[in-house]
Amino acid sequence: MKHWLQAARLRTLPLSLSGIVLGSFLAHAKGFFDWKTLLLAVCTTIGFQVISNFANDYGDGVKGTDNENRIGPERALQSGAISPKQMLRAIIMLSVITFLIAFALVYVAFGAANSTYIFIFLVLGILAIAAAIKYTMGKNPYGYSGFGDVFVFLFFGLLGVLGSYFLYTKQLDVTLLLPASSIGLFSAGVLNLNNMRDIHSDSLSNKNTLVVKMGLSKAKKYHILLLILAMLFAISYTFLHYHSLKQFWYLVAFIPILKHLAFVLKNNEAKAFDPELKKLALSTLLFAYLFGETLLW
């Protein structure tokens, strides 16, 4: 059980929950909310995240990317604690379970009468599972060609926030792209941080992440751009819907993020990036919660 929990990478879960938290708050502010939908959405999101983490462990493990050159925590396949066959079986089982939970989610949210919405969201669910698996698995994993950031932005940000908002409200608002993009950009920042940590081992293993392609110096500038834009998008949404200074309470969450940016700028030791992953993930969840709270005031 210890090895499976390590492979699930629990410290990544706050990041995956951020989109659901913010989307639920945005819907609640419009007068729409349902606890069953929230619970099932949380379970579905956790399922997607753990599938992604298992697939990452499997893909990097069988390709030899996770080796003695890697700086981050030792992976399950890398250590031999879990065999490739066991991990592959777990990925298949968890994908089936997560799809069933996703089906329950859309059925509860839309009811049997809205078959079109159910179909669309089930297709999105299948695409999310496929994206989670194809990040490092298969012949041409997109994580090995620098497209991981795009998929993280789309699935953690836009789909996480807008999708959960639509589950409650059955409607969308174009201005919601701003906070959804904030979550997406913060999430891409976590991936970029992960890739800055692994730049040396990824380069040796031909895992051509954006960081490997750009180099550490440009990756730092890219990291700053991601997080600054995320903060600006959130502030822009608040100005568009401004009615009180209390709405800016969520700026408190930007304090640890700004401290994190200062650290990234001066740090050149790959290993030192690892503790920052959890800090940025938790800061993103804090932002999602505080931003959501201000919507209800």
# chains A, B, ... in the order shown; residues from 1 in each chain; ligands from 1
>>> residues_around(residues="Ala234 (chain A)", least_positions_apart="2", cutoff="8 Å", atoms="only C-alpha atoms", output="MDAnalysis selection string")
chainID A and resid 178:179 182 230:232 236:238
>>> residues_around(residues="Phe186 (chain A)", least_positions_apart="2", cutoff="8 Å", atoms="only C-alpha atoms", output="list in words")
Ser182, Ile183, Gly184, Ala188, Gly189, Val190, Leu226, Leu227, Ala230, Leu280 and Thr284 of chain A
>>> closest_residue(among="A:Thr175, A:Thr45, A:Ser83, A:Ser115", to="Ile101 (chain A)", atoms="only C-alpha atoms")
A:Thr45
>>> residues_around(residues="Thr136 (chain A)", least_positions_apart="6", cutoff="7 Å", atoms="only C-alpha atoms", output="ChimeraX atom specification")
/A:55-56,59-60,142-144
>>> atom_distance(atom1="CA of Met214 (chain A)", atom2="CA of Val264 (chain A)")
15.8 Å
>>> closest_residue(among="A:Ser145, A:Gln49, A:Gln247, A:Asn194", to="Asn206 (chain A)", atoms="only C-alpha atoms")
A:Ser145
>>> atom_distance(atom1="CA of Ser95 (chain A)", atom2="CA of Leu124 (chain A)")
13.5 Å
>>> atom_distance(atom1="CA of Tyr165 (chain A)", atom2="CA of Gly23 (chain A)")
4.6 Å
>>> residues_around(residues="Thr12 (chain A)", least_positions_apart="6", cutoff="9 Å", atoms="only C-alpha atoms", output="mmCIF file with N, CA and C atoms, in the first residue's frame")
data_model
loop_
_atom_site.group_PDB
_atom_site.id
_atom_site.type_symbol
_atom_site.label_atom_id
_atom_site.label_comp_id
_atom_site.auth_asym_id
_atom_site.auth_seq_id
_atom_site.Cartn_x
_atom_site.Cartn_y
_atom_site.Cartn_z
ATOM 1 N N GLN A 49 -6.271 12.246 -12.121
ATOM 2 C CA GLN A 49 -4.929 12.613 -11.679
ATOM 3 C C GLN A 49 -4.096 11.379 -11.336
ATOM 4 N N VAL A 50 -4.689 10.441 -10.625
ATOM 5 C CA VAL A 50 -3.940 9.241 -10.243
ATOM 6 C C VAL A 50 -3.623 8.381 -11.470
ATOM 7 N N ASN A 53 -0.668 9.948 -12.981
ATOM 8 C CA ASN A 53 0.548 9.689 -12.208
ATOM 9 C C ASN A 53 1.035 8.252 -12.391
ATOM 10 N N LEU A 277 7.431 22.373 -5.758
ATOM 11 C CA LEU A 277 6.272 21.794 -6.430
ATOM 12 C C LEU A 277 5.044 21.792 -5.521
ATOM 13 N N LYS A 278 5.231 21.274 -4.307
ATOM 14 C CA LYS A 278 4.116 21.224 -3.364
ATOM 15 C C LYS A 278 3.664 22.631 -2.973
ATOM 16 N N ALA A 281 1.583 24.060 -5.837
ATOM 17 C CA ALA A 281 0.309 23.349 -5.940
ATOM 18 C C ALA A 281 -0.650 23.781 -4.832
ATOM 19 N N LEU A 282 -0.151 23.869 -3.603
ATOM 20 C CA LEU A 282 -0.992 24.292 -2.484
ATOM 21 C C LEU A 282 -1.398 25.764 -2.615
#
>>> residues_around(residues="Val252 (chain A)", least_positions_apart="5", cutoff="10 Å", atoms="only C-alpha atoms", output="number ranges by chain")
A: 257, 283, 286-287, 290-291
>>> closest_residue(among="A:Leu5, A:Val106, A:Val161, A:Ala272", to="Leu177 (chain A)", atoms="only C-alpha atoms")
A:Val161
>>> closest_residue(among="A:Leu172, A:Leu295, A:Val152, A:Ala262", to="His241 (chain A)", atoms="only C-alpha atoms")
A:Leu295
